[in-house]
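Asks: File work_12.txt below, compact mmCIF, C-alpha atoms (C1' of nucleotides):
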```txt
# COMPACT_ATOMS: atom_id res chain seq x y z
CA MET A 1 -46.74 15.97 -45.38
CA ARG A 2 -49.37 18.20 -46.92
CA ILE A 3 -49.93 21.61 -45.33
CA ALA A 4 -52.84 23.82 -46.37
CA THR A 5 -53.91 27.38 -45.69
CA TYR A 6 -57.51 28.50 -46.00
CA ASN A 7 -59.12 31.84 -45.22
CA VAL A 8 -62.59 30.56 -44.38
CA ASN A 9 -64.31 33.94 -43.88
CA GLY A 10 -66.31 32.78 -40.86
CA VAL A 11 -65.53 29.32 -39.47
CA ASN A 12 -69.08 28.63 -38.28
CA GLY A 13 -70.85 29.91 -41.37
CA ARG A 14 -68.33 27.93 -43.41
CA LEU A 15 -68.39 24.74 -41.38
CA PRO A 16 -70.16 22.50 -43.96
CA VAL A 17 -67.73 23.63 -46.67
CA LEU A 18 -64.72 23.23 -44.38
CA LEU A 19 -65.72 19.71 -43.33
CA ARG A 20 -66.47 18.68 -46.91
CA TRP A 21 -63.06 19.93 -48.04
CA LEU A 22 -61.22 18.28 -45.11
CA GLU A 23 -62.87 14.96 -45.94
CA LEU A 24 -61.93 15.32 -49.61
CA ALA A 25 -58.42 16.74 -49.38
CA GLN A 26 -57.24 15.08 -46.15
CA PRO A 27 -54.43 17.58 -45.48
CA ASP A 28 -52.09 16.76 -42.60
CA VAL A 29 -51.95 20.34 -41.33
CA VAL A 30 -54.34 23.24 -41.93
CA CYS A 31 -53.92 26.93 -41.16
CA LEU A 32 -57.24 28.76 -40.99
CA GLN A 33 -57.80 32.51 -41.06
CA GLU A 34 -60.76 34.82 -40.50
CA LEU A 35 -62.51 32.58 -38.01
CA LYS A 36 -64.80 35.50 -37.11
CA ALA A 37 -65.63 33.64 -33.92
CA PRO A 38 -64.86 34.25 -30.25
CA GLN A 39 -62.65 31.70 -28.48
CA GLU A 40 -65.61 29.79 -27.01
CA LYS A 41 -67.48 29.47 -30.32
CA PHE A 42 -64.84 27.61 -32.31
CA PRO A 43 -66.40 24.35 -33.63
CA GLU A 44 -63.88 22.13 -31.88
CA GLY A 45 -66.20 19.12 -31.68
CA ALA A 46 -67.04 18.97 -35.38
CA ILE A 47 -63.40 19.36 -36.35
CA GLU A 48 -62.35 16.68 -33.90
CA LYS A 49 -65.00 14.39 -35.33
CA ALA A 50 -63.45 14.99 -38.75
CA GLY A 51 -60.19 13.62 -37.38
CA TYR A 52 -58.32 16.82 -36.55
CA GLY A 53 -56.88 18.22 -33.38
CA ALA A 54 -56.92 22.02 -33.20
CA ILE A 55 -55.60 25.09 -31.46
CA TRP A 56 -57.10 28.49 -32.16
CA ASN A 57 -56.82 32.16 -31.36
CA GLY A 58 -60.35 33.52 -31.60
CA GLN A 59 -61.84 37.00 -31.49
CA LYS A 60 -65.38 38.30 -31.54
CA ALA A 61 -66.63 39.10 -35.06
CA TRP A 62 -63.26 39.64 -36.75
CA ASN A 63 -59.90 38.04 -37.45
CA GLY A 64 -59.08 34.76 -35.70
CA VAL A 65 -56.62 32.04 -36.72
CA ALA A 66 -56.41 28.28 -36.09
CA ILE A 67 -54.07 25.38 -36.75
CA LEU A 68 -55.41 21.86 -37.30
CA ALA A 69 -53.41 18.64 -37.43
CA LYS A 70 -54.68 15.25 -38.47
CA GLY A 71 -54.89 12.88 -35.52
CA GLU A 72 -53.09 15.13 -33.06
CA LYS A 73 -53.40 18.39 -31.22
CA PRO A 74 -50.78 20.84 -32.51
CA SER A 75 -48.16 21.76 -29.93
CA GLU A 76 -48.48 25.53 -29.56
CA THR A 77 -45.25 27.52 -29.65
CA ARG A 78 -46.56 31.09 -29.97
CA ARG A 79 -49.79 33.09 -29.79
CA GLY A 80 -49.61 36.58 -31.29
CA LEU A 81 -46.64 38.39 -32.81
CA PRO A 82 -44.11 39.98 -30.47
CA GLY A 83 -43.44 43.70 -30.54
CA ASP A 84 -46.72 45.41 -29.63
CA PRO A 85 -48.60 44.54 -26.42
CA GLU A 86 -51.34 47.00 -27.46
CA ASP A 87 -52.21 44.94 -30.55
CA ILE A 88 -55.24 42.85 -29.64
CA HIS A 89 -56.04 41.47 -33.10
CA SER A 90 -55.94 37.67 -33.31
CA ARG A 91 -53.72 37.31 -36.34
CA TYR A 92 -50.90 34.93 -35.48
CA LEU A 93 -50.65 31.43 -34.08
CA GLU A 94 -47.76 28.97 -34.26
CA ALA A 95 -47.21 25.30 -33.54
CA LEU A 96 -44.55 22.63 -33.75
CA ILE A 97 -45.86 19.72 -35.82
CA ASP A 98 -43.75 16.73 -36.77
CA GLY A 99 -40.54 18.71 -36.31
CA THR A 100 -41.72 21.68 -38.39
CA ILE A 101 -42.63 25.09 -37.01
CA VAL A 102 -45.87 26.16 -38.64
CA GLY A 103 -46.82 29.83 -38.34
CA CYS A 104 -50.40 30.71 -39.29
CA LEU A 105 -50.91 34.38 -40.06
CA TYR A 106 -53.61 36.79 -41.14
CA LEU A 107 -51.91 40.00 -42.21
CA PRO A 108 -54.03 43.17 -41.99
CA ASN A 109 -55.86 44.21 -45.12
CA GLY A 110 -54.83 47.87 -44.85
CA ASN A 111 -57.61 49.53 -46.79
CA PRO A 112 -58.40 52.30 -47.20
CA ALA A 113 -54.87 53.35 -48.08
CA PRO A 114 -53.28 55.62 -47.15
CA GLY A 115 -54.64 55.97 -43.62
CA PRO A 116 -54.43 54.46 -40.13
CA LYS A 117 -55.41 50.99 -41.31
CA PHE A 118 -52.62 51.02 -43.86
CA ASP A 119 -50.20 52.24 -41.19
CA TYR A 120 -51.27 49.31 -39.02
CA LYS A 121 -50.67 46.93 -41.92
CA LEU A 122 -47.13 48.19 -42.43
CA GLN A 123 -46.42 48.09 -38.70
CA TRP A 124 -47.67 44.53 -38.48
CA PHE A 125 -45.55 43.66 -41.50
CA LYS A 126 -42.51 45.15 -39.79
CA ARG A 127 -43.12 43.08 -36.67
CA LEU A 128 -43.60 39.94 -38.75
CA THR A 129 -40.38 40.61 -40.66
CA LYS A 130 -38.40 41.07 -37.48
CA TYR A 131 -39.83 37.93 -35.94
CA ALA A 132 -39.35 35.95 -39.18
CA ALA A 133 -35.64 36.82 -39.11
CA SER A 134 -35.37 35.29 -35.65
CA LEU A 135 -37.08 32.13 -36.94
CA LEU A 136 -34.59 31.83 -39.80
CA LYS A 137 -31.73 32.04 -37.35
CA LEU A 138 -32.95 28.84 -35.69
CA ASN A 139 -31.92 26.87 -38.81
CA VAL A 140 -34.90 24.57 -38.47
CA PRO A 141 -37.85 23.78 -40.78
CA VAL A 142 -40.31 26.70 -40.69
CA VAL A 143 -43.44 27.30 -42.74
CA LEU A 144 -45.14 30.70 -42.58
CA ALA A 145 -48.56 30.17 -44.12
CA GLY A 146 -51.58 32.37 -44.43
CA ASP A 147 -53.43 35.28 -45.90
CA TYR A 148 -50.72 37.91 -46.41
CA ASN A 149 -53.11 40.37 -48.06
CA VAL A 150 -50.38 41.20 -50.56
CA ILE A 151 -50.41 40.80 -54.34
CA PRO A 152 -46.63 40.33 -54.73
CA THR A 153 -46.27 41.15 -58.44
CA GLU A 154 -48.26 41.98 -61.56
CA LEU A 155 -48.29 38.27 -62.37
CA ASP A 156 -50.42 37.74 -59.28
CA ALA A 157 -53.49 39.66 -60.41
CA TYR A 158 -55.95 39.19 -63.22
CA LYS A 159 -55.89 42.90 -63.98
CA PRO A 160 -53.08 44.56 -62.02
CA GLU A 161 -54.22 48.02 -63.08
CA ARG A 162 -57.44 47.51 -61.12
CA TRP A 163 -55.42 47.16 -57.92
CA VAL A 164 -53.04 50.11 -58.07
CA ASP A 165 -55.10 52.12 -55.54
CA ASP A 166 -55.51 49.16 -53.22
CA ALA A 167 -53.52 48.42 -50.06
CA LEU A 168 -52.91 44.87 -51.30
CA PHE A 169 -50.94 46.16 -54.25
CA PHE A 170 -49.48 49.42 -52.94
CA PRO A 171 -45.73 49.74 -53.59
CA GLU A 172 -45.10 49.75 -49.81
CA SER A 173 -46.99 46.46 -49.40
CA ARG A 174 -45.14 44.77 -52.24
CA ALA A 175 -41.80 46.12 -50.99
CA ALA A 176 -42.53 44.81 -47.50
CA TYR A 177 -43.32 41.37 -48.88
CA ARG A 178 -40.19 41.42 -51.01
CA LYS A 179 -38.08 42.45 -48.03
CA LEU A 180 -39.49 39.57 -46.00
CA VAL A 181 -38.93 36.97 -48.73
CA ASP A 182 -35.42 38.27 -49.36
CA GLN A 183 -34.39 37.31 -45.84
CA GLY A 184 -34.06 33.83 -47.29
CA TRP A 185 -37.62 32.51 -47.58
CA THR A 186 -39.00 30.62 -50.56
CA ASP A 187 -42.43 31.61 -51.90
CA ALA A 188 -43.56 28.02 -52.54
CA LEU A 189 -46.25 28.59 -55.17
CA ARG A 190 -44.15 31.03 -57.16
CA LYS A 191 -41.14 28.75 -56.94
CA LEU A 192 -43.05 25.89 -58.57
CA TYR A 193 -45.01 28.08 -60.99
CA PRO A 194 -42.52 30.83 -61.93
CA ASN A 195 -44.43 32.13 -64.95
CA GLU A 196 -48.04 31.14 -64.40
CA ARG A 197 -51.01 33.00 -63.02
CA VAL A 198 -52.06 31.23 -59.85
CA TYR A 199 -54.95 32.73 -57.90
CA THR A 200 -56.16 32.04 -54.37
CA PHE A 201 -58.93 34.65 -54.06
CA TRP A 202 -61.86 35.72 -56.22
CA ASP A 203 -64.31 38.50 -55.28
CA TYR A 204 -67.87 37.47 -54.45
CA PHE A 205 -69.17 40.03 -56.91
CA ARG A 206 -68.65 40.88 -60.55
CA ASN A 207 -68.89 37.15 -61.27
CA SER A 208 -65.17 37.04 -60.51
CA TYR A 209 -64.76 33.31 -60.08
CA ALA A 210 -66.53 32.41 -63.32
CA ARG A 211 -64.38 34.97 -65.14
CA ASP A 212 -61.27 33.77 -63.27
CA ALA A 213 -60.67 37.37 -62.22
CA GLY A 214 -58.59 36.44 -59.20
CA ILE A 215 -55.54 37.45 -57.22
CA ARG A 216 -52.85 35.51 -55.33
CA ILE A 217 -52.68 36.67 -51.72
CA ASP A 218 -52.46 33.42 -49.72
CA HIS A 219 -48.82 32.42 -49.51
CA PHE A 220 -46.43 29.84 -48.12
CA LEU A 221 -42.98 31.06 -47.14
CA LEU A 222 -40.50 28.25 -46.49
CA SER A 223 -37.25 28.31 -44.58
CA PRO A 224 -34.32 26.65 -46.43
CA GLN A 225 -34.74 23.49 -44.32
CA VAL A 226 -38.26 23.09 -45.74
CA ALA A 227 -37.73 24.52 -49.21
CA SER A 228 -35.47 21.60 -50.07
CA ARG A 229 -38.37 19.23 -49.31
CA LEU A 230 -40.97 21.02 -51.47
CA MET A 231 -42.51 18.46 -53.82
CA SER A 232 -45.65 20.11 -55.14
CA ALA A 233 -48.16 22.85 -54.43
CA GLY A 234 -51.54 23.95 -55.63
CA VAL A 235 -54.89 25.62 -55.08
CA ASP A 236 -58.09 23.61 -54.54
CA ARG A 237 -59.91 26.13 -56.68
CA GLU A 238 -63.00 24.00 -57.26
CA VAL A 239 -63.90 24.67 -53.60
CA ARG A 240 -64.39 28.33 -54.57
CA GLY A 241 -67.25 27.17 -56.79
CA TRP A 242 -69.16 25.37 -54.02
CA GLU A 243 -72.36 26.66 -52.42
CA LYS A 244 -71.90 29.03 -49.45
CA THR A 245 -68.16 29.12 -50.06
CA SER A 246 -65.42 31.50 -48.93
CA ASP A 247 -64.00 34.08 -51.32
CA HIS A 248 -60.61 32.36 -50.83
CA ALA A 249 -59.75 28.84 -51.96
CA PRO A 250 -57.67 26.36 -49.94
CA THR A 251 -54.01 26.47 -50.96
CA TRP A 252 -51.50 23.74 -50.16
CA ILE A 253 -47.96 22.44 -50.36
CA GLU A 254 -46.65 18.89 -50.26
CA LEU A 255 -43.34 18.21 -48.50
CA SER A 256 -41.21 15.09 -48.70
CA GLU A 257 -40.20 13.38 -45.47
CA LYS A 258 -37.06 14.66 -43.80
C1' DA B 1 -65.73 54.03 -60.70
C1' DT B 2 -68.19 51.21 -57.69
C1' DG B 3 -68.31 46.76 -51.33
C1' DC B 4 -71.97 44.89 -57.01
C1' DC B 5 -71.64 39.97 -52.08
C1' DG B 6 -71.04 37.87 -47.69
C1' DT B 7 -70.31 37.31 -42.48
C1' DG B 8 -71.12 38.51 -37.79
C1' DG B 9 -73.11 41.34 -34.19
C1' DA B 10 -76.19 44.21 -32.89
C1' DA B 11 -80.35 45.90 -33.98
C1' DA B 12 -83.68 46.11 -38.10
C1' DC B 13 -78.43 48.71 -39.86
C1' DC B 14 -73.49 48.72 -39.37
C1' DA B 15 -68.37 47.40 -39.58
C1' DC B 16 -65.43 44.98 -42.17
C1' DG B 17 -63.47 42.54 -45.91
C1' DA B 18 -59.87 42.90 -50.68
```
How would this structure read if it were set down as structure tokens?
Replies:
Amino acid sequence: MRIATYNVNGVNGRLPVLLRWLELAQPDVVCLQELKAPQEKFPEGAIEKAGYGAIWNGQKAWNGVAILAKGEKPSETRRGLPGDPEDIHSRYLEALIDGTIVGCLYLPNGNPAPGPKFDYKLQWFKRLTKYAASLLKLNVPVVLAGDYNVIPTELDAYKPERWVDDALFFPESRAAYRKLVDQGWTDALRKLYPNERVYTFWDYFRNSYARDAGIRIDHFLLSPQVASRLMSAGVDREVRGWEKTSDHAPTWIELSEK
DNA sequence: ATGCCGTGGAAACCACGA
């Protein structure tokens, strides 16, 4: 089973690119972030025509997450993180697909830091960490995939020194990510590429993609029941070079059958 | 050192992103 995560930066503006990539890559499951579309404007028909069932948690203009599954509608198990009824951002969606719990998340950016947006990021992180612990306790296959908006280590940035004043690389952000992983999750890409620079995002400006000035912020965290089935992983980085593309590239993992 | 580009929504600019 191949599971992908892709921050599309606008699902309607990105639709041609998304459909082209789906046709090419044929992932079994896809987690999308930054739909930037209200619930009623999700392109359900086009995605269905491409062979995918979908559930989504939309929001006007910002945020928004979706889960697609080839040939079936994902069975929704959760919409939104627990712990803060005041939080109206659409940043979490979860489904049970083929016996695996797939959580699709879009963690807050947090800039400018410090400030209220950074506080919100850390709060959201805390809620995610608490909820993730409860998922681990289930002792079932769980994949937490998405845009974590965290550069975990210096190995995950083209020029780490450029990011020291950024919420994605603040010590608190990295510590929060480390604390989450240390519950017992496996960072799939880093597990398979322990010493290599693997990027999932390149700025639109400064010719970043051509210079390969990227960062790794889209991650897969695997529960032990899934980690043992991890066969391969990668980034479809050529998609980042397409016309009218997102600033993120699709990232994926391949799991063996149970 | 810098939102330099891009998206969406509202309004001929602004918020937001990383």
Asks: Give as a ChimeraX atom specification every residue of chain A that touches chain B within 12 Å, counting only C-alpha atoms (C1' of nucleotides).
Replies: /A:7-14,34-38,59-63,107-113,117,147-151,162-163,165-169,201-208,214-217,244-248
Asks: Separation of atom CA of A:Phe118 and atom CA of A:Phe170, in Å?
Replies: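 That distance, rounded to one decimal, is 9.7 Å.
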Asks: List every protein, DNA or RNA residue that has at least one atom no more than 8 Å from (-61.0, 30.3, -27.5) in the file's coordinates, counting all atoms listed in the file, and write the result as number ranges by chain.
Replies: A: 38-42, 56-59
Asks: How big is the axis-aligned box around the listed atoms of stretch 210-218 of chain A once 6 Å is added on each side, and where is its centre? Give both in Å to one decimal, as JSON.
Replies:
```
{"center_x": -59.5, "center_y": 34.9, "center_z": -57.4, "size_x": 26.1, "size_y": 17.0, "size_z": 27.4}
```
Asks: How many Å lie between atom CA of A:Arg197 and atom CA of A:Ala157, rounded to one decimal?
Replies: 7.6 Å
Asks: Report the distance between atom CA of A:Thr5 and atom CA of A:Cys31 in Å, rounded to one decimal place.
Replies: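 Spanning atom CA of A:Thr5 to atom CA of A:Cys31 is a straight-line distance of 4.6 Å.
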Asks: Residues near A:Leu19, anyone? I mean within 9 Å using all atoms listed in the file, not counting same-chain ones fewer than 6 positions away, as a list in words.
Replies: Ala46, Ile47 and Ala50 of chain A
Asks: A:Val239, A:Leu136, A:Val198, A:Leu96: which is nearest A:Arg78, counting only C-alpha atoms?
Replies: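 Using only C-alpha atoms, A:Arg78 sits closest to A:Leu96.
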